[in-house]
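The structure under discussion appears below in the form of structure tokens.
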Amino acid sequence: MTKTTRRQTLQLLTAGAFAGMAPGLLSTTTLAATPIRIAMVVKALGIGFFDACRDGGLEAAKELGDCELIYTGPTKTTAEEQIAVIDALIAQKVDAIAISANDNTALVPVCKKALERGIKVISFDSGVAPEGRIMNLDPSNAQLIGQKCVQMMAKTLNNEGEVAILSATSQATNQNTWIEFMKTEWAKPEYAKMTLVSTVYGDDVADKSYRETEGLIKAFPNLKGIIAPTSVGIVAAAKAVVDLGLVGKVYVSGLGLPSEMKGAVDAGATETFAIWNPIDLGYSATMIAGRLVRGEATGQAGTTVNAGRMGDIAIGENNNAAMADPFTFDKSNIEQFAKIF
């Protein structure tokens, strides 16, 4: 696992100052008569991870100046509802759309429609296929995320025991990519006694994720660990472990928010988990969208784009970019960061 640099820690702490913004504040504007309008379209409203992305987006919009952030998304994590949201934004003639996709291919036609209307379209967190966007911003390097998830669980279980994966949806491009890199890491000899027994999907819905966890525990009596690379699923899985009295017998790890995972860490259901800073992610996506609208970046492979306090971000193959390495949380730092996001 990579060690946290002082710079990464300072980025997390600095970004945290913006996390206390009022949840009802959905846009920020300057006094300019015609500000640019950037729409942040998330997988679904009411998810803590994306609320934190919104806070970062508001920060970036203020720094860009003459900029309004429109924070929106469907009520359910479906491509159909996201398509309706994007169609509405096209009708509003926004200048840019930054979207976390529920389905990377189903959204391509409506995103192409937006591009044809002169709207700058980027994806972040969960990508749209290349033909439907200018560029994609991954929160971290997908390989490092996959490796980190396996390494955290292996450390907890001493490289031995049955483990399952609780993912979001089977169409989520980011989740699927991370899982493939998990499997690549898992193939190493040191994990020979830590076996992957099943992969299930909770659709980023708390109730379904909880039920899927119950199903895993029932189906695999010797289950020792659950890796949930989803901020909704990891909380639900940890709650199920606590509710079923399995703390110390089944461990949950993966990707989650410190504020939502503090209870699980304190209870002992989770030893370690990781996440990138969602405030930084929303900030970076909004800043990049603004740069594209103003002609200060192209989003093309081989170039860089300035993302404000996050620095210059290099754009690689298929116009993909990565923001930062994942950050590990445990009992030593959970109290500190739970107050931030």
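Letters A, B, ... go to the chains of the structure tokens in the order shown; residues in each chain start at 1; ligands are counted from 1 in the same order.
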
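Close contacts of segment 121-128 of chain A, defined as residues with an atom at most 6 Å away when counting only C-alpha atoms, with chain neighbours fewer than 3 positions off set aside, comprise Ala96, Ile97, Ala98, Ile99, Ser100, Ala101, Asn104, Arg133, Ile134, Met135, Asn136, Leu137, Asp138, Pro139, Thr173 and Asn174 of chain A.
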
May I have the residues from that selection written out with C-alpha atoms, as an mmCIF file, in the first residue's frame?
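This went into again21.cif:
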data_model
loop_
_atom_site.group_PDB
_atom_site.id
_atom_site.type_symbol
_atom_site.label_atom_id
_atom_site.label_comp_id
_atom_site.auth_asym_id
_atom_site.auth_seq_id
_atom_site.Cartn_x
_atom_site.Cartn_y
_atom_site.Cartn_z
ATOM 1 C CA ALA A 96 -21.003 22.015 -19.724
ATOM 2 C CA ILE A 97 -22.100 18.732 -18.198
ATOM 3 C CA ALA A 98 -19.951 16.660 -15.832
ATOM 4 C CA ILE A 99 -21.600 13.283 -15.266
ATOM 5 C CA SER A 100 -21.016 10.191 -13.141
ATOM 6 C CA ALA A 101 -22.594 7.554 -15.361
ATOM 7 C CA ASN A 104 -21.300 3.914 -19.863
ATOM 8 C CA ARG A 133 -17.629 12.722 -23.923
ATOM 9 C CA ILE A 134 -14.580 14.910 -24.361
ATOM 10 C CA MET A 135 -12.654 13.360 -21.488
ATOM 11 C CA ASN A 136 -13.092 11.261 -18.362
ATOM 12 C CA LEU A 137 -11.702 11.968 -14.902
ATOM 13 C CA ASP A 138 -11.141 8.875 -12.775
ATOM 14 C CA PRO A 139 -10.871 9.605 -9.052
ATOM 15 C CA THR A 173 -17.933 1.041 -15.488
ATOM 16 C CA ASN A 174 -15.751 2.132 -12.594
#

List as an mmCIF file with C-alpha atoms, in the first residue's frame the protein and nucleic acid residues near Pro258 of chain A, meaning an atom at most 9 Å away when only C-alpha atoms are counted, but skip any in the same chain fewer than 4 places from it.
data_model
loop_
_atom_site.group_PDB
_atom_site.id
_atom_site.type_symbol
_atom_site.label_atom_id
_atom_site.label_comp_id
_atom_site.auth_asym_id
_atom_site.auth_seq_id
_atom_site.Cartn_x
_atom_site.Cartn_y
_atom_site.Cartn_z
ATOM 1 C CA LYS A 262 -16.841 5.781 11.659
ATOM 2 C CA PHE A 273 -11.150 1.152 4.110
ATOM 3 C CA ALA A 274 -10.155 3.703 1.503
ATOM 4 C CA ILE A 275 -11.505 6.521 -0.640
ATOM 5 C CA PHE A 329 -8.588 5.151 6.814
ATOM 6 C CA ILE A 334 -11.094 8.050 11.355
ATOM 7 C CA GLU A 335 -11.992 10.562 14.070
ATOM 8 C CA GLN A 336 -10.093 13.319 12.284
ATOM 9 C CA PHE A 337 -11.511 12.778 8.823
ATOM 10 C CA ALA A 338 -15.060 11.898 9.847
ATOM 11 C CA LYS A 339 -15.401 15.570 10.769
ATOM 12 C CA ILE A 340 -14.405 16.602 7.247
ATOM 13 C CA PHE A 341 -16.429 14.405 4.864
#

Kindly indicate which residue among A:Ala236, A:Ala285, A:Ala307, A:Ala60 lies nearest to Val42 of chain A, using only C-alpha atoms for the distances. A:Ala285

Shell of 9 Å around Ile226 of chain A, only C-alpha atoms, local chain residues under 6 positions omitted, as a CSV table (one decimal) with C-alpha atoms, in the first residue's frame:
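And here is the file that came out, selection06.csv:
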chain,number,residue,atom,x,y,z
A,153,MET,CA,-8.6,-7.2,3.1
A,162,GLU,CA,-13.3,-16.8,1.9
A,163,VAL,CA,-14.1,-13.3,0.6
A,164,ALA,CA,-17.0,-11.9,-1.5
A,165,ILE,CA,-17.4,-8.7,-3.4
A,166,LEU,CA,-20.5,-6.5,-3.0
A,213,THR,CA,-24.9,-9.1,2.4
A,216,LEU,CA,-23.7,-13.9,1.2
A,234,ILE,CA,-19.8,-0.8,2.4
A,237,ALA,CA,-22.6,-4.5,4.6
A,238,ALA,CA,-20.9,-3.3,7.8
A,250,VAL,CA,-16.7,-11.3,9.1
A,251,TYR,CA,-14.9,-8.1,8.1
A,252,VAL,CA,-15.9,-5.4,5.7
A,253,SER,CA,-13.6,-3.3,3.6
A,254,GLY,CA,-13.6,-1.3,0.4

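Relative to atom CA of Met261 of chain A, atom CA of Thr230 of chain A is found at 11.9 Å.
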
Just want the 8 Å neighbourhood of Trp186 of chain A, counted on only C-alpha atoms, with same-chain residues fewer than 5 positions away dropped. Output as a PyMOL selection string. chain A and resi 150+191-192

For each of A:Asn306, A:Gln143, A:Ser198, A:Thr272, take the minimum atom-to-atom distance to Gly256 of chain A, counting only C-alpha atoms, then give the residue where this is smallest.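 Nearest to Gly256 of chain A: A:Thr272.
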
Name all residues at most 12 Å from Ile119 of chain A (count only C-alpha atoms; drop same-chain ones fewer than 2 positions away) and give them as a ChimeraX atom specification. /A:36-39,86-87,89-98,110-117,121-122,132-134,289-290,292-294

List the neighbours of Ala168 of chain A out to 6 Å using only C-alpha atoms; skip same-chain residues closer than 5 positions along the sequence, and give me the result as a PyMOL selection string. chain A and resi 201-204
